[in-house]
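Q: Structure: start-v9.cif, mmCIF, N, CA, C and O atoms.
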```
data_target
loop_
_atom_site.label_atom_id
_atom_site.label_comp_id
_atom_site.auth_asym_id
_atom_site.auth_seq_id
_atom_site.Cartn_x
_atom_site.Cartn_y
_atom_site.Cartn_z
N MET A 251 62.97 72.85 -59.10
CA MET A 251 62.26 73.77 -58.22
C MET A 251 61.04 74.35 -58.93
O MET A 251 60.01 74.54 -58.33
N SER A 252 61.18 74.64 -60.18
CA SER A 252 60.09 75.25 -60.92
C SER A 252 58.86 74.35 -60.95
O SER A 252 57.74 74.81 -60.78
N GLY A 253 59.07 73.05 -61.15
CA GLY A 253 57.94 72.11 -61.16
C GLY A 253 57.24 72.07 -59.82
O GLY A 253 56.02 71.95 -59.74
N GLU A 254 58.03 72.18 -58.76
CA GLU A 254 57.46 72.19 -57.41
C GLU A 254 56.57 73.41 -57.21
O GLU A 254 55.48 73.32 -56.65
N GLN A 255 57.01 74.54 -57.70
CA GLN A 255 56.23 75.77 -57.58
C GLN A 255 54.96 75.71 -58.42
O GLN A 255 53.92 76.20 -58.01
N LYS A 256 55.06 75.10 -59.60
CA LYS A 256 53.87 74.96 -60.44
C LYS A 256 52.84 74.06 -59.76
O LYS A 256 51.65 74.36 -59.80
N ASN A 257 53.31 72.99 -59.14
CA ASN A 257 52.40 72.11 -58.42
C ASN A 257 51.76 72.82 -57.24
O ASN A 257 50.58 72.64 -56.94
N LYS A 258 52.55 73.64 -56.56
CA LYS A 258 52.04 74.40 -55.43
C LYS A 258 50.96 75.38 -55.89
O LYS A 258 49.94 75.56 -55.23
N ALA A 259 51.18 76.00 -57.06
CA ALA A 259 50.19 76.92 -57.61
C ALA A 259 48.89 76.20 -57.91
O ALA A 259 47.81 76.69 -57.58
N LYS A 260 48.99 75.04 -58.54
CA LYS A 260 47.78 74.26 -58.86
C LYS A 260 47.05 73.86 -57.59
O LYS A 260 45.82 73.90 -57.53
N ALA A 261 47.80 73.46 -56.57
CA ALA A 261 47.19 73.06 -55.30
C ALA A 261 46.47 74.24 -54.65
O ALA A 261 45.36 74.08 -54.12
N GLU A 262 47.09 75.42 -54.68
CA GLU A 262 46.46 76.61 -54.10
C GLU A 262 45.18 76.94 -54.85
O GLU A 262 44.17 77.30 -54.24
N GLN A 263 45.22 76.84 -56.17
CA GLN A 263 44.04 77.13 -56.96
C GLN A 263 42.91 76.16 -56.63
O GLN A 263 41.77 76.58 -56.45
N ALA A 264 43.23 74.88 -56.55
CA ALA A 264 42.21 73.87 -56.25
C ALA A 264 41.65 74.05 -54.85
O ALA A 264 40.43 74.00 -54.64
N LYS A 265 42.53 74.28 -53.88
CA LYS A 265 42.09 74.48 -52.50
C LYS A 265 41.19 75.71 -52.41
O LYS A 265 40.15 75.69 -51.73
N GLY A 266 41.58 76.76 -53.10
CA GLY A 266 40.77 77.97 -53.09
C GLY A 266 39.41 77.76 -53.70
O GLY A 266 38.40 78.25 -53.19
N LYS A 267 39.35 77.01 -54.79
CA LYS A 267 38.07 76.76 -55.46
C LYS A 267 37.15 75.95 -54.55
O LYS A 267 35.96 76.25 -54.43
N ILE A 268 37.73 74.94 -53.89
CA ILE A 268 36.93 74.12 -52.97
C ILE A 268 36.39 74.98 -51.83
O ILE A 268 35.22 74.89 -51.47
N LYS A 269 37.25 75.83 -51.28
CA LYS A 269 36.84 76.68 -50.17
C LYS A 269 35.77 77.68 -50.62
O LYS A 269 34.81 77.94 -49.89
N GLU A 270 35.94 78.23 -51.83
CA GLU A 270 34.96 79.18 -52.34
C GLU A 270 33.59 78.51 -52.51
O GLU A 270 32.57 79.05 -52.07
N VAL A 271 33.57 77.33 -53.11
CA VAL A 271 32.32 76.61 -53.33
C VAL A 271 31.68 76.22 -52.00
O VAL A 271 30.47 76.36 -51.81
N ALA A 272 32.50 75.75 -51.07
CA ALA A 272 31.98 75.37 -49.75
C ALA A 272 31.38 76.59 -49.05
O ALA A 272 30.30 76.50 -48.45
N GLY A 273 32.06 77.71 -49.12
CA GLY A 273 31.55 78.94 -48.51
C GLY A 273 30.24 79.37 -49.11
O GLY A 273 29.31 79.79 -48.41
N ARG A 274 30.16 79.28 -50.43
CA ARG A 274 28.92 79.66 -51.12
C ARG A 274 27.79 78.70 -50.73
O ARG A 274 26.66 79.13 -50.51
N THR A 275 28.12 77.42 -50.62
CA THR A 275 27.11 76.41 -50.29
C THR A 275 26.50 76.63 -48.90
O THR A 275 25.29 76.53 -48.73
N VAL A 276 27.36 76.95 -47.93
CA VAL A 276 26.85 77.14 -46.56
C VAL A 276 26.50 78.59 -46.26
O VAL A 276 26.07 78.90 -45.15
N GLY A 277 26.70 79.47 -47.23
CA GLY A 277 26.35 80.87 -47.03
C GLY A 277 27.36 81.65 -46.20
O GLY A 277 27.03 82.64 -45.58
N ASN A 278 28.62 81.18 -46.20
CA ASN A 278 29.67 81.83 -45.43
C ASN A 278 30.49 82.72 -46.38
O ASN A 278 31.36 82.23 -47.11
N GLU A 279 30.21 84.02 -46.37
CA GLU A 279 30.86 84.94 -47.29
C GLU A 279 32.36 85.05 -47.02
O GLU A 279 33.15 85.21 -47.95
N ARG A 280 32.75 84.94 -45.77
CA ARG A 280 34.17 85.05 -45.43
C ARG A 280 34.94 83.87 -46.04
O ARG A 280 36.01 84.06 -46.62
N MET A 281 34.41 82.68 -45.89
CA MET A 281 35.07 81.49 -46.44
C MET A 281 35.14 81.59 -47.97
O MET A 281 36.16 81.26 -48.58
N GLU A 282 34.07 82.08 -48.56
CA GLU A 282 34.03 82.25 -50.01
C GLU A 282 35.10 83.24 -50.47
O GLU A 282 35.83 82.98 -51.43
N ALA A 283 35.24 84.34 -49.75
CA ALA A 283 36.25 85.34 -50.09
C ALA A 283 37.66 84.79 -49.89
O ALA A 283 38.55 85.06 -50.70
N GLU A 284 37.87 84.04 -48.82
CA GLU A 284 39.18 83.43 -48.59
C GLU A 284 39.53 82.48 -49.73
O GLU A 284 40.67 82.43 -50.18
N GLY A 285 38.56 81.75 -50.20
CA GLY A 285 38.76 80.84 -51.32
C GLY A 285 39.17 81.57 -52.58
O GLY A 285 40.09 81.16 -53.28
N ARG A 286 38.48 82.67 -52.86
CA ARG A 286 38.85 83.47 -54.03
C ARG A 286 40.27 84.02 -53.88
O ARG A 286 41.03 84.06 -54.84
N GLY A 287 40.62 84.43 -52.66
CA GLY A 287 41.96 84.94 -52.40
C GLY A 287 43.03 83.89 -52.63
O GLY A 287 44.08 84.16 -53.22
N GLU A 288 42.77 82.67 -52.19
CA GLU A 288 43.72 81.58 -52.40
C GLU A 288 43.87 81.26 -53.89
O GLU A 288 44.97 80.99 -54.36
N GLN A 289 42.77 81.33 -54.60
CA GLN A 289 42.83 81.10 -56.06
C GLN A 289 43.69 82.16 -56.73
O GLN A 289 44.50 81.86 -57.60
N MET A 290 43.51 83.41 -56.32
CA MET A 290 44.30 84.49 -56.91
C MET A 290 45.78 84.34 -56.58
O MET A 290 46.63 84.60 -57.42
N LYS A 291 46.07 83.88 -55.37
CA LYS A 291 47.46 83.64 -54.98
C LYS A 291 48.06 82.54 -55.88
O LYS A 291 49.19 82.67 -56.35
N GLY A 292 47.29 81.49 -56.11
CA GLY A 292 47.75 80.43 -57.00
C GLY A 292 47.92 80.92 -58.42
O GLY A 292 48.88 80.55 -59.10
N ASP A 293 47.00 81.76 -58.88
CA ASP A 293 47.10 82.33 -60.23
C ASP A 293 48.37 83.17 -60.36
O ASP A 293 49.07 83.09 -61.38
N ALA A 294 48.67 83.96 -59.34
CA ALA A 294 49.86 84.81 -59.37
C ALA A 294 51.12 83.96 -59.39
O ALA A 294 52.07 84.24 -60.13
N ARG A 295 51.15 82.92 -58.58
CA ARG A 295 52.31 82.02 -58.55
C ARG A 295 52.50 81.36 -59.92
O ARG A 295 53.60 81.25 -60.43
N GLN A 296 51.39 80.93 -60.51
CA GLN A 296 51.45 80.28 -61.82
C GLN A 296 51.96 81.26 -62.89
O GLN A 296 52.78 80.90 -63.72
N ALA A 297 51.48 82.48 -62.85
CA ALA A 297 51.92 83.49 -63.81
C ALA A 297 53.42 83.76 -63.66
O ALA A 297 54.14 83.91 -64.66
N LYS A 298 53.88 83.81 -62.42
CA LYS A 298 55.30 84.04 -62.16
C LYS A 298 56.14 82.90 -62.76
O LYS A 298 57.16 83.15 -63.41
N GLU A 299 55.68 81.68 -62.59
CA GLU A 299 56.41 80.53 -63.12
C GLU A 299 56.41 80.53 -64.64
O GLU A 299 57.40 80.19 -65.27
N LYS A 300 55.30 80.94 -65.24
CA LYS A 300 55.24 81.01 -66.70
C LYS A 300 56.20 82.06 -67.23
O LYS A 300 56.86 81.84 -68.25
N MET A 301 56.30 83.18 -66.53
CA MET A 301 57.25 84.22 -66.95
C MET A 301 58.68 83.72 -66.85
O MET A 301 59.51 83.98 -67.72
N LYS A 302 58.98 82.98 -65.79
CA LYS A 302 60.32 82.43 -65.65
C LYS A 302 60.62 81.48 -66.80
O LYS A 302 61.74 81.46 -67.31
N ASP A 303 59.64 80.68 -67.20
CA ASP A 303 59.82 79.76 -68.31
C ASP A 303 60.08 80.51 -69.61
O ASP A 303 60.91 80.08 -70.42
N VAL A 304 59.37 81.61 -69.83
CA VAL A 304 59.54 82.39 -71.05
C VAL A 304 60.98 82.92 -71.13
O VAL A 304 61.60 82.87 -72.19
N PHE A 305 61.51 83.39 -70.02
CA PHE A 305 62.85 83.96 -70.06
C PHE A 305 63.95 82.90 -70.06
O PHE A 305 65.09 83.21 -70.37
N LYS A 306 63.62 81.66 -69.73
CA LYS A 306 64.60 80.59 -69.80
C LYS A 306 64.91 80.22 -71.24
O LYS A 306 66.00 79.78 -71.55
N HIS A 307 63.94 80.35 -72.10
CA HIS A 307 64.09 79.89 -73.50
C HIS A 307 64.53 80.98 -74.38
O HIS A 307 64.78 81.92 -74.55
#
```
How does this structure look as structure tokens?
A:
Amino acid sequence: MSGEQKNKAKAEQAKGKIKEVAGRTVGNERMEAEGRGEQMKGDARQAKEKMKDVFKH
């Protein structure tokens, strides 16, 4: 399960980055902000998984 969550975090980060860049390119501030939000969500998920790994060992 942990690997699945890590992959989900990476996917959220990548999707967010793409959305942020696309928003910036077309001048859509809302899309850009949504992209940053998705990246932060992925970052939080990744941090959570790293903490779980620390406490497993």
Q: Determine the residue set returned by the PyMOL selection byres ((chain A and resi 268-272) around 6) for the present structure, and present it as a list of chain:residue names.
A: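 Checking the PyMOL selection byres ((chain A and resi 268-272) around 6) against this file, the residues are A:Gln263, A:Ala264, A:Lys265, A:Gly266, A:Lys267, A:Gly273, A:Arg274, A:Thr275, A:Val276, A:Gly277, A:Asn278, A:Met281, A:Glu282, A:Ala283, A:Glu284, A:Gly285, A:Arg286.
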Q: Apply the PyMOL selection byres ((chain A and resi 259) around 7) to the file shown and report the selected residues as a list in words.
A: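 For this structure, the PyMOL selection byres ((chain A and resi 259) around 7) resolves to Gly253, Glu254, Gln255, Lys256, Asn257, Lys258, Lys260, Ala261, Glu262, Gln263, Ala264, Lys265, Glu288, Gln289, Lys291, Gly292, Asp293, Arg295 and Gln296 of chain A.
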Q: Can you measure atom CA of Lys306 of chain A to atom O of Met290 of chain A for me? One decimal in Å is fine.
A: 22.2 Å
Q: When you draw a straight line from atom CA of Ser252 of chain A to atom CA of Ala294 of chain A, how long is it in Å?
A: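 Computing it gives 14.1 Å between the two atoms.
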Q: One decimal, in Å: what's the spacing between atom O of Val304 of chain A and atom N of Gly287 of chain A?
A: 28.7 Å
Q: With 8 Å of padding per side, what axis-aligned box (centre and edge lengths, Å, one decimal) covers all the listed atoms of segment 270-273 of chain A? Give it as AutoDock Vina command-line options.
A:
```
--center_x 32.6 --center_y 77.6 --center_z -50.9 --size_x 22.6 --size_y 20.4 --size_z 20.9
```
Q: Write only N, CA and C atoms for segment 271-290 of chain A from the block just shown, as an mmCIF file, in the first residue's frame.
A:
```cif
data_model
loop_
_atom_site.group_PDB
_atom_site.id
_atom_site.type_symbol
_atom_site.label_atom_id
_atom_site.label_comp_id
_atom_site.auth_asym_id
_atom_site.auth_seq_id
_atom_site.Cartn_x
_atom_site.Cartn_y
_atom_site.Cartn_z
ATOM 1 N N VAL A 271 2.245 25.050 -15.138
ATOM 2 C CA VAL A 271 2.949 25.566 -16.312
ATOM 3 C C VAL A 271 1.958 25.931 -17.416
ATOM 4 N N ALA A 272 0.964 25.077 -17.621
ATOM 5 C CA ALA A 272 -0.046 25.362 -18.646
ATOM 6 C C ALA A 272 -0.803 26.641 -18.298
ATOM 7 N N GLY A 273 -1.169 26.799 -17.044
ATOM 8 C CA GLY A 273 -1.870 28.008 -16.614
ATOM 9 C C GLY A 273 -1.037 29.251 -16.817
ATOM 10 N N ARG A 274 0.241 29.140 -16.487
ATOM 11 C CA ARG A 274 1.141 30.284 -16.664
ATOM 12 C C ARG A 274 1.284 30.612 -18.149
ATOM 13 N N THR A 275 1.372 29.574 -18.974
ATOM 14 C CA THR A 275 1.555 29.764 -20.417
ATOM 15 C C THR A 275 0.374 30.495 -21.054
ATOM 16 N N VAL A 276 -0.842 30.105 -20.659
ATOM 17 C CA VAL A 276 -2.026 30.728 -21.268
ATOM 18 C C VAL A 276 -2.530 31.930 -20.473
ATOM 19 N N GLY A 277 -1.861 32.236 -19.366
ATOM 20 C CA GLY A 277 -2.253 33.391 -18.567
ATOM 21 C C GLY A 277 -3.475 33.148 -17.694
ATOM 22 N N ASN A 278 -3.721 31.880 -17.345
ATOM 23 C CA ASN A 278 -4.868 31.527 -16.517
ATOM 24 C C ASN A 278 -4.390 31.353 -15.069
ATOM 25 N N GLU A 279 -4.606 32.378 -14.250
ATOM 26 C CA GLU A 279 -4.119 32.357 -12.874
ATOM 27 C C GLU A 279 -4.800 31.275 -12.040
ATOM 28 N N ARG A 280 -6.061 31.017 -12.327
ATOM 29 C CA ARG A 280 -6.783 29.999 -11.561
ATOM 30 C C ARG A 280 -6.176 28.615 -11.809
ATOM 31 N N MET A 281 -5.908 28.306 -13.064
ATOM 32 C CA MET A 281 -5.314 27.011 -13.397
ATOM 33 C C MET A 281 -3.926 26.887 -12.769
ATOM 34 N N GLU A 282 -3.188 27.977 -12.801
ATOM 35 C CA GLU A 282 -1.852 27.994 -12.215
ATOM 36 C C GLU A 282 -1.924 27.730 -10.709
ATOM 37 N N ALA A 283 -2.875 28.360 -10.044
ATOM 38 C CA ALA A 283 -3.047 28.164 -8.600
ATOM 39 C C ALA A 283 -3.496 26.741 -8.289
ATOM 40 N N GLU A 284 -4.400 26.201 -9.102
ATOM 41 C CA GLU A 284 -4.836 24.818 -8.902
ATOM 42 C C GLU A 284 -3.654 23.863 -9.040
ATOM 43 N N GLY A 285 -2.796 24.131 -9.980
ATOM 44 C CA GLY A 285 -1.603 23.309 -10.178
ATOM 45 C C GLY A 285 -0.691 23.341 -8.971
ATOM 46 N N ARG A 286 -0.484 24.533 -8.430
ATOM 47 C CA ARG A 286 0.347 24.638 -7.221
ATOM 48 C C ARG A 286 -0.299 23.888 -6.065
ATOM 49 N N GLY A 287 -1.628 23.966 -5.971
ATOM 50 C CA GLY A 287 -2.351 23.257 -4.913
ATOM 51 C C GLY A 287 -2.192 21.752 -5.037
ATOM 52 N N GLU A 288 -2.270 21.239 -6.248
ATOM 53 C CA GLU A 288 -2.099 19.800 -6.465
ATOM 54 C C GLU A 288 -0.677 19.367 -6.122
ATOM 55 N N GLN A 289 0.282 20.207 -6.454
ATOM 56 C CA GLN A 289 1.674 19.892 -6.101
ATOM 57 C C GLN A 289 1.843 19.827 -4.587
ATOM 58 N N MET A 290 1.235 20.770 -3.883
ATOM 59 C CA MET A 290 1.340 20.776 -2.426
ATOM 60 C C MET A 290 0.662 19.552 -1.818
#
```
